[in-house]
Amino acid sequence: MSLEIKIYPHLALRQHCQPIKDVDQSIIQLAEEMLTIMYQHQGIGLATPQIGKNLRLIVIDVGQGPFLLVNPQIISRSGKSSMIEGCLSLPGVQVKVQRAEKVKIEAINLRRHQRLMQIEATGLLAHALQHEIDHLNGRLIIDYLSWWRHLLIKNKLRKLSKK
Ligand SMILES: [Zn+2]
């Protein structure tokens with residue numbers, strides 16, 4: 001099976017994903033395949049809506065090794081941090097996004113005995129976690145743009161929708 005990354009404005013990117021009830025072999029396999037396709041595209045994160053599936057599953061690797069997370073939830077956040085972010089579903093688009101500087105996440109970690117665990121993150125990892133969890137709620141980086149910045153990248157977005 002080979003997964004295909006959905007490009008904006010694909011409707012799958014706007015869905016609100018359902019929690020995963022059973023972590024079975026098919027979920028583990030899907031997560032591993034997502035990680036593979038993410039690496040192939042030189043991404044640092046990928047969420048299920050980006051491959052057209054309605055499940056709460058994200059994969060991330062910001063250079064500290066992979067996280068394969070089921071039903072990730074932000075349980076605390078603090079501080080503010082701005083970073084330029086890209087997205088595999090918005091090729092060529094970069095947006096400065098302000099997020100929490102530090103987050104605590106609870107998730108089932110598929111690479112750690114499938115146990116529910118807490119992950120504390122700052123910097124790039126914190127941004128990546130928040131970016132991917134946004135995807136599970138149908139939210140994209142362009143939603144953070146002010147209306148006039150949105151106007152500036154309108155042509156870029158229009159080109160994507162014609163592809
Ligand atoms: Zn993204």
# chains A, B, ... in the order shown; residues from 1 in each chain; ligands from 1
>>> residues_near_ligand(ligand="ligand 1", cutoff="8 Å", atoms="only C-alpha atoms and all ligand atoms", output="MDAnalysis selection string")
chainID A and resid 45:47 50 86:90 131:132 135 140:141
>>> write_last_selection(atoms="C-alpha atoms", output="short mmCIF file (atom, residue, chain, number, x, y, z; two decimals), in the first residue's frame")
data_model
loop_
_atom_site.label_atom_id
_atom_site.label_comp_id
_atom_site.auth_asym_id
_atom_site.auth_seq_id
_atom_site.Cartn_x
_atom_site.Cartn_y
_atom_site.Cartn_z
CA GLY A 45 5.35 15.66 11.03
CA LEU A 46 2.29 14.09 9.46
CA ALA A 47 -1.30 13.66 10.66
CA GLN A 50 -3.23 14.48 5.39
CA GLY A 86 5.50 24.70 6.53
CA CYS A 87 3.12 21.84 5.85
CA LEU A 88 3.30 18.89 3.46
CA SER A 89 -0.32 19.63 2.47
CA LEU A 90 0.57 23.24 1.57
CA HIS A 131 0.73 21.71 14.39
CA GLU A 132 -0.13 18.01 14.01
CA HIS A 135 -4.63 18.81 11.81
CA LEU A 140 -4.22 24.45 9.09
CA ILE A 141 -1.37 26.96 9.38
#
>>> residues_around(residues="Phe67 in chain A", least_positions_apart="5", cutoff="9 Å", atoms="only C-alpha atoms", output="PyMOL selection string")
chain A and resi 58-61+109-111
>>> write_last_selection(atoms="N, CA and C atoms", output="compact mmCIF listing (two decimals), in the first residue's frame")
# COMPACT_ATOMS: atom_id res chain seq x y z
N ILE A 58 -0.84 10.80 14.86
CA ILE A 58 0.17 11.69 14.28
C ILE A 58 1.56 11.04 14.37
N VAL A 59 2.41 11.39 13.45
CA VAL A 59 3.81 10.96 13.54
C VAL A 59 4.69 12.21 13.43
N ILE A 60 5.77 12.21 14.21
CA ILE A 60 6.66 13.37 14.27
C ILE A 60 8.09 12.90 14.43
N ASP A 61 9.01 13.58 13.75
CA ASP A 61 10.43 13.40 14.04
C ASP A 61 11.14 14.72 13.73
N ASN A 109 1.90 6.07 22.99
CA ASN A 109 3.11 6.11 22.18
C ASN A 109 3.37 4.72 21.60
N LEU A 110 3.21 4.59 20.27
CA LEU A 110 3.31 3.27 19.65
C LEU A 110 4.72 2.70 19.68
N ARG A 111 5.70 3.56 19.80
CA ARG A 111 7.08 3.07 19.84
C ARG A 111 7.54 2.79 21.28
>>> residues_around(residues="Val23 in chain A", least_positions_apart="2", cutoff="12 Å", atoms="only C-alpha atoms", output="ChimeraX atom specification")
/A:19-21,25-31,55-57,68-71,107-110,113-116
>>> select_by_dssp(residues="chain A", states="alpha helix (DSSP H)", output="VMD selection string")
chain A and resid 25 to 40 123 to 136 147 to 152 154 to 162
>>> select_by_dssp(residues="chain A", states="strand (DSSP E or B)", output="short mmCIF file (atom, residue, chain, number, x, y, z; two decimals) with C-alpha atoms, in the first residue's frame")
data_model
loop_
_atom_site.label_atom_id
_atom_site.label_comp_id
_atom_site.auth_asym_id
_atom_site.auth_seq_id
_atom_site.Cartn_x
_atom_site.Cartn_y
_atom_site.Cartn_z
CA GLY A 45 5.35 15.66 11.03
CA LEU A 46 2.29 14.09 9.46
CA ALA A 47 -1.30 13.66 10.66
CA LEU A 57 -2.96 9.58 14.86
CA ILE A 58 0.17 11.69 14.28
CA VAL A 59 3.81 10.96 13.54
CA ILE A 60 6.66 13.37 14.27
CA PHE A 67 7.08 9.80 17.92
CA LEU A 68 4.08 7.75 16.74
CA LEU A 69 1.18 9.02 18.82
CA VAL A 70 -2.40 7.81 19.13
CA ASN A 71 -5.13 10.14 20.47
CA PRO A 72 -2.70 12.94 21.42
CA GLN A 73 -4.11 15.58 23.75
CA ILE A 74 -2.59 18.80 25.03
CA ILE A 75 -3.03 18.78 28.80
CA SER A 76 -1.09 21.94 29.58
CA ARG A 77 0.55 24.79 27.74
CA SER A 78 2.56 27.85 28.70
CA SER A 81 6.72 31.12 20.70
CA SER A 82 6.66 32.16 17.05
CA MET A 83 8.16 30.07 14.26
CA ILE A 84 7.95 29.85 10.51
CA GLU A 85 6.10 26.65 9.70
CA VAL A 95 3.49 30.89 7.72
CA LYS A 96 4.76 32.47 10.92
CA VAL A 97 2.67 30.83 13.63
CA GLN A 98 2.46 31.79 17.27
CA ARG A 99 1.92 28.84 19.59
CA LYS A 102 5.93 24.67 26.15
CA VAL A 103 3.31 21.92 26.05
CA LYS A 104 2.54 18.74 27.89
CA ILE A 105 0.90 16.05 25.76
CA GLU A 106 -0.80 12.84 26.74
CA ALA A 107 -0.89 10.11 24.10
CA ILE A 108 -0.44 6.42 23.46
CA ASN A 109 3.11 6.11 22.18
CA ARG A 115 1.53 2.87 26.71
CA LEU A 116 -0.36 6.01 27.58
CA MET A 117 2.33 8.52 28.47
CA GLN A 118 3.03 12.19 28.92
CA ILE A 119 5.50 14.09 26.79
CA GLU A 120 6.84 17.51 27.71
CA ALA A 121 8.09 19.55 24.80
CA THR A 122 9.53 22.95 23.99
#
>>> atom_distance(atom1="CA of Ile7 in chain A", atom2="CA of Ile51 in chain A")
9.2 Å
>>> atom_distance(atom1="CA of Leu13 in chain A", atom2="CA of Tyr144 in chain A")
15.3 Å
